[in-house]
Amino acid sequence: MKITEVAAALITDGRKFLICRRPPDKARGLLWEFVGGKLEPGETGREALVRECMEELGVAVSAGGQFMEVVHEYPDLTVRLTVFWASISSGEPKALEHSEIKWITPEEIDEYEFCAADGEILEKIKNVFGGEGELKEPAREDAAAEKKKKLFLDQKELLDTFLSTGALSPEQYKKSLDGLRTKMGTDG
């Protein structure tokens, strides 16, 4: 079974996210979906997402982290659909390749008929974001913070080794650890 790799965007604006209606003359015509499409040879999911958003909506987007991935078998093809968080960095979305586009809330999902591959994704949106609050990508530690945390843990491990071998007294260990915490700005 050949799997077609597809990238899609979960573009959000406050409590709403963007959906697109497929043209009537395409497979799964008039069903709603997330903007996106097939990866071209040598293209990453995020690169495909950026390209597809420009082609289909006329907007530039910043691709974020992965929201989720599903594999779905249609009668005519099997897709691995990877959905990424995305935000519009410039432009206003226009239906360039779709018959219609809309911003909807998680509570409105059931009012629309979506492509079958989107089912699990929509359920996750309803379960995670139903009710109150904004739809937005969870905060991720940036690379500098992760690097700083790893450095602290590496240095603490070294102090632990010195303590366990007797190279540091408990008092020296505590003083060194307190100094390390102050220097690194962590409670680790």
# chains A, B, ... in the order shown; residues from 1 in each chain; ligands from 1
call {"tool": "select_by_dssp", "arguments": {"residues": "segment 8-128 of chain A", "states": "strand (DSSP E or B)", "output": "ChimeraX atom specification"}}
result
/A:8-13,16-21,32-33,36-38,60-73,78-90,100-104,114
call {"tool": "select_by_dssp", "arguments": {"residues": "segment 67-140 of chain A", "states": "alpha helix (DSSP H)", "output": "list in words"}}
result
Gly119, Glu120, Ile121, Leu122, Glu123, Lys124, Ile125, Lys126, Asn127, Val128 and Phe129 of chain A
call {"tool": "closest_residue", "arguments": {"among": "A:Ile104, A:Leu163, A:Leu180, A:Val59", "to": "Ser87 of chain A", "atoms": "only C-alpha atoms"}}
result
A:Val59
call {"tool": "residues_around", "arguments": {"residues": "Lys2 of chain A", "least_positions_apart": "2", "cutoff": "10 Å", "atoms": "only C-alpha atoms", "output": "MDAnalysis selection string"}}
result
chainID A and resid 4:5 77:79
call {"tool": "write_last_selection", "arguments": {"atoms": "C-alpha atoms", "output": "PDB file, in the first residue's frame"}}
result
ATOM      1  CA  THR A   4       0.565   9.696   0.143  1.00  0.00           C
ATOM      2  CA  GLU A   5       2.184  12.195   2.511  1.00  0.00           C
ATOM      3  CA  LEU A  77      -5.727   6.438  -1.863  1.00  0.00           C
ATOM      4  CA  THR A  78      -4.179   6.153   1.595  1.00  0.00           C
ATOM      5  CA  VAL A  79      -2.941   9.361   3.204  1.00  0.00           C
TER       6      VAL A  79
END
call {"tool": "atom_distance", "arguments": {"atom1": "atom CA of Ala8 of chain A", "atom2": "atom CA of Val83 of chain A"}}
result
4.7 Å
call {"tool": "residues_around", "arguments": {"residues": "Ala60 of chain A", "least_positions_apart": "2", "cutoff": "12 Å", "atoms": "only C-alpha atoms", "output": "ChimeraX atom specification"}}
result
/A:9,11,47,49-58,62-63,86-94
call {"tool": "write_last_selection", "arguments": {"atoms": "N, CA, C and O atoms", "output": "CSV table (one decimal), in the first residue's frame"}}
result
chain,number,residue,atom,x,y,z
A,9,ALA,N,-2.7,22.6,7.7
A,9,ALA,CA,-2.5,23.7,8.7
A,9,ALA,C,-3.7,23.8,9.6
A,9,ALA,O,-4.8,23.9,9.1
A,11,ILE,N,-4.8,26.7,11.3
A,11,ILE,CA,-4.6,28.1,11.4
A,11,ILE,C,-5.6,28.6,12.4
A,11,ILE,O,-6.8,28.4,12.1
A,47,GLU,N,7.4,22.8,4.9
A,47,GLU,CA,7.7,23.5,3.6
A,47,GLU,C,6.4,23.3,2.7
A,47,GLU,O,6.0,24.3,2.1
A,49,LEU,N,3.4,22.9,3.7
A,49,LEU,CA,2.3,23.7,4.3
A,49,LEU,C,2.4,25.1,3.9
A,49,LEU,O,1.4,25.8,3.6
A,50,VAL,N,3.6,25.7,4.0
A,50,VAL,CA,3.9,27.1,3.6
A,50,VAL,C,3.5,27.3,2.2
A,50,VAL,O,2.8,28.2,1.8
A,51,ARG,N,3.9,26.4,1.3
A,51,ARG,CA,3.6,26.5,-0.1
A,51,ARG,C,2.1,26.4,-0.4
A,51,ARG,O,1.6,27.2,-1.1
A,52,GLU,N,1.5,25.4,0.2
A,52,GLU,CA,0.1,25.2,0.0
A,52,GLU,C,-0.8,26.4,0.5
A,52,GLU,O,-1.8,26.7,-0.2
A,53,CYS,N,-0.4,27.0,1.6
A,53,CYS,CA,-1.2,28.1,2.1
A,53,CYS,C,-1.1,29.3,1.1
A,53,CYS,O,-2.0,30.0,0.9
A,54,MET,N,0.1,29.5,0.6
A,54,MET,CA,0.3,30.6,-0.4
A,54,MET,C,-0.5,30.2,-1.7
A,54,MET,O,-1.3,31.1,-2.2
A,55,GLU,N,-0.5,29.0,-2.2
A,55,GLU,CA,-1.2,28.6,-3.4
A,55,GLU,C,-2.7,28.6,-3.2
A,55,GLU,O,-3.4,29.1,-4.1
A,56,GLU,N,-3.2,28.1,-2.1
A,56,GLU,CA,-4.6,27.9,-1.9
A,56,GLU,C,-5.3,29.1,-1.2
A,56,GLU,O,-6.5,29.3,-1.4
A,57,LEU,N,-4.6,29.9,-0.4
A,57,LEU,CA,-5.2,31.0,0.3
A,57,LEU,C,-4.6,32.4,0.0
A,57,LEU,O,-5.2,33.4,0.4
A,58,GLY,N,-3.4,32.4,-0.6
A,58,GLY,CA,-2.7,33.6,-0.9
A,58,GLY,C,-2.2,34.3,0.4
A,58,GLY,O,-2.0,35.5,0.4
A,62,SER,N,3.5,31.0,9.1
A,62,SER,CA,4.6,30.5,9.9
A,62,SER,C,4.2,29.1,10.4
A,62,SER,O,3.1,29.1,11.1
A,63,ALA,N,4.9,28.1,10.1
A,63,ALA,CA,4.5,26.7,10.5
A,63,ALA,C,5.1,26.5,11.9
A,63,ALA,O,6.3,26.7,12.1
A,86,ALA,N,-0.3,26.6,12.7
A,86,ALA,CA,0.2,27.6,11.7
A,86,ALA,C,-0.4,29.0,12.1
A,86,ALA,O,-1.5,29.0,12.6
A,87,SER,N,0.3,30.0,11.8
A,87,SER,CA,-0.2,31.4,12.0
A,87,SER,C,0.0,32.2,10.7
A,87,SER,O,1.1,32.0,10.1
A,88,ILE,N,-0.9,33.0,10.4
A,88,ILE,CA,-0.8,33.9,9.2
A,88,ILE,C,0.2,35.0,9.5
A,88,ILE,O,0.0,35.7,10.5
A,89,SER,N,1.3,35.1,8.7
A,89,SER,CA,2.3,36.2,9.0
A,89,SER,C,2.0,37.3,8.0
A,89,SER,O,2.4,38.5,8.4
A,90,SER,N,1.4,37.1,6.9
A,90,SER,CA,1.0,38.2,6.0
A,90,SER,C,-0.1,37.8,5.1
A,90,SER,O,-0.1,36.7,4.6
A,91,GLY,N,-1.0,38.7,4.8
A,91,GLY,CA,-2.1,38.5,3.8
A,91,GLY,C,-3.4,38.2,4.5
A,91,GLY,O,-3.4,37.9,5.7
A,92,GLU,N,-4.5,38.3,3.7
A,92,GLU,CA,-5.8,37.9,4.2
A,92,GLU,C,-6.2,36.7,3.4
A,92,GLU,O,-6.1,36.7,2.2
A,93,PRO,N,-6.7,35.6,4.1
A,93,PRO,CA,-7.0,34.4,3.3
A,93,PRO,C,-8.2,34.6,2.3
A,93,PRO,O,-9.1,35.3,2.6
A,94,LYS,N,-7.9,34.0,1.1
A,94,LYS,CA,-8.9,34.1,0.0
A,94,LYS,C,-9.1,32.7,-0.5
A,94,LYS,O,-8.1,31.9,-0.5
call {"tool": "atom_distance", "arguments": {"atom1": "atom CA of Gly14 of chain A", "atom2": "atom CA of Ile109 of chain A"}}
result
15.7 Å
call {"tool": "closest_residue", "arguments": {"among": "A:Arg80, A:His72, A:His98, A:Arg46", "to": "Leu10 of chain A", "atoms": "only C-alpha atoms"}}
result
A:Arg46
call {"tool": "atom_distance", "arguments": {"atom1": "atom CA of Leu30 of chain A", "atom2": "atom CA of Val128 of chain A"}}
result
26.8 Å
call {"tool": "residues_around", "arguments": {"residues": "Arg21 of chain A", "least_positions_apart": "3", "cutoff": "9 Å", "atoms": "only C-alpha atoms", "output": "MDAnalysis selection string"}}
result
chainID A and resid 24 29:34 95 98:102 114
call {"tool": "write_last_selection", "arguments": {"atoms": "all heavy atoms", "output": "compact mmCIF listing (two decimals), in the first residue's frame"}}
result
# COMPACT_ATOMS: atom_id res chain seq x y z
N PRO A 24 -16.45 21.41 -6.13
CA PRO A 24 -17.35 20.29 -6.46
C PRO A 24 -16.77 19.29 -7.46
O PRO A 24 -17.14 18.12 -7.44
CB PRO A 24 -18.58 20.98 -7.04
CG PRO A 24 -18.16 22.35 -7.39
CD PRO A 24 -16.99 22.70 -6.53
N GLY A 29 -15.52 16.22 -3.26
CA GLY A 29 -16.04 17.55 -3.58
C GLY A 29 -17.07 18.04 -2.58
O GLY A 29 -17.89 17.27 -2.08
N LEU A 30 -16.98 19.32 -2.27
CA LEU A 30 -17.85 20.06 -1.36
C LEU A 30 -17.71 19.66 0.11
O LEU A 30 -18.44 20.19 0.95
CB LEU A 30 -19.32 19.99 -1.80
CG LEU A 30 -19.59 20.63 -3.18
CD1 LEU A 30 -21.05 20.50 -3.53
CD2 LEU A 30 -19.15 22.09 -3.21
N LEU A 31 -16.79 18.77 0.43
CA LEU A 31 -16.52 18.48 1.84
C LEU A 31 -15.53 19.52 2.37
O LEU A 31 -14.74 20.09 1.62
CB LEU A 31 -15.94 17.07 2.01
CG LEU A 31 -16.88 15.92 1.65
CD1 LEU A 31 -16.16 14.58 1.82
CD2 LEU A 31 -18.16 15.96 2.48
N TRP A 32 -15.58 19.74 3.67
CA TRP A 32 -14.68 20.70 4.32
C TRP A 32 -13.39 20.00 4.73
O TRP A 32 -13.38 18.79 4.98
CB TRP A 32 -15.38 21.32 5.51
CG TRP A 32 -16.52 22.21 5.11
CD1 TRP A 32 -17.82 21.83 4.91
CD2 TRP A 32 -16.46 23.60 4.81
NE1 TRP A 32 -18.57 22.91 4.51
CE2 TRP A 32 -17.77 24.02 4.45
CE3 TRP A 32 -15.44 24.54 4.82
CZ2 TRP A 32 -18.07 25.33 4.11
CZ3 TRP A 32 -15.75 25.85 4.48
CH2 TRP A 32 -17.04 26.23 4.12
N GLU A 33 -12.32 20.78 4.81
CA GLU A 33 -11.01 20.24 5.17
C GLU A 33 -10.14 21.36 5.71
O GLU A 33 -10.52 22.54 5.69
CB GLU A 33 -10.34 19.62 3.94
CG GLU A 33 -10.00 20.63 2.86
CD GLU A 33 -9.34 20.03 1.62
OE1 GLU A 33 -9.13 18.81 1.59
OE2 GLU A 33 -9.04 20.80 0.69
N PHE A 34 -8.94 20.98 6.17
CA PHE A 34 -7.92 21.95 6.54
C PHE A 34 -7.14 22.29 5.28
O PHE A 34 -6.99 21.45 4.40
CB PHE A 34 -6.97 21.37 7.59
CG PHE A 34 -7.65 21.04 8.88
CD1 PHE A 34 -8.12 19.78 9.14
CD2 PHE A 34 -7.82 22.02 9.86
CE1 PHE A 34 -8.76 19.47 10.33
CE2 PHE A 34 -8.46 21.73 11.04
CZ PHE A 34 -8.93 20.45 11.28
N ALA A 95 -10.29 32.34 -0.95
CA ALA A 95 -10.56 31.00 -1.51
C ALA A 95 -10.06 30.95 -2.95
O ALA A 95 -10.82 31.16 -3.88
CB ALA A 95 -12.05 30.69 -1.43
N HIS A 98 -10.40 26.73 -3.35
CA HIS A 98 -11.55 26.12 -2.69
C HIS A 98 -12.81 26.89 -3.08
O HIS A 98 -12.74 28.02 -3.53
CB HIS A 98 -11.38 26.16 -1.17
CG HIS A 98 -10.31 25.23 -0.68
ND1 HIS A 98 -9.00 25.61 -0.59
CD2 HIS A 98 -10.37 23.94 -0.27
CE1 HIS A 98 -8.29 24.58 -0.14
NE2 HIS A 98 -9.10 23.56 0.05
N SER A 99 -13.97 26.26 -2.88
CA SER A 99 -15.21 26.95 -3.20
C SER A 99 -15.60 27.94 -2.11
O SER A 99 -16.35 28.88 -2.36
CB SER A 99 -16.35 25.95 -3.47
OG SER A 99 -16.57 25.16 -2.33
N GLU A 100 -15.02 27.76 -0.90
CA GLU A 100 -15.39 28.61 0.22
C GLU A 100 -14.39 28.40 1.36
O GLU A 100 -13.80 27.34 1.49
CB GLU A 100 -16.79 28.15 0.68
CG GLU A 100 -17.56 29.06 1.54
CD GLU A 100 -18.96 28.48 1.83
OE1 GLU A 100 -19.39 27.48 1.23
OE2 GLU A 100 -19.60 29.05 2.73
N ILE A 101 -14.19 29.43 2.18
CA ILE A 101 -13.40 29.28 3.41
C ILE A 101 -14.19 29.90 4.56
O ILE A 101 -15.00 30.82 4.34
CB ILE A 101 -11.99 29.93 3.30
CG1 ILE A 101 -12.08 31.44 3.03
CG2 ILE A 101 -11.15 29.23 2.27
CD1 ILE A 101 -10.74 32.16 3.08
N LYS A 102 -13.98 29.39 5.76
CA LYS A 102 -14.69 29.90 6.95
C LYS A 102 -13.82 29.76 8.18
O LYS A 102 -13.02 28.84 8.29
CB LYS A 102 -15.98 29.11 7.19
CG LYS A 102 -17.12 29.50 6.31
CD LYS A 102 -18.41 28.93 6.85
CE LYS A 102 -19.53 29.41 5.93
NZ LYS A 102 -20.83 29.04 6.39
N PHE A 114 -17.01 17.12 6.91
CA PHE A 114 -15.58 17.13 6.62
C PHE A 114 -15.15 15.87 5.89
O PHE A 114 -15.82 14.85 5.95
CB PHE A 114 -14.77 17.24 7.93
CG PHE A 114 -14.75 18.61 8.52
CD1 PHE A 114 -15.76 19.03 9.37
CD2 PHE A 114 -13.71 19.48 8.26
CE1 PHE A 114 -15.75 20.29 9.94
CE2 PHE A 114 -13.68 20.74 8.81
CZ PHE A 114 -14.70 21.16 9.66
call {"tool": "closest_residue", "arguments": {"among": "A:Asp13, A:Glu69, A:Glu40, A:Glu97", "to": "Phe84 of chain A", "atoms": "only C-alpha atoms"}}
result
A:Glu69
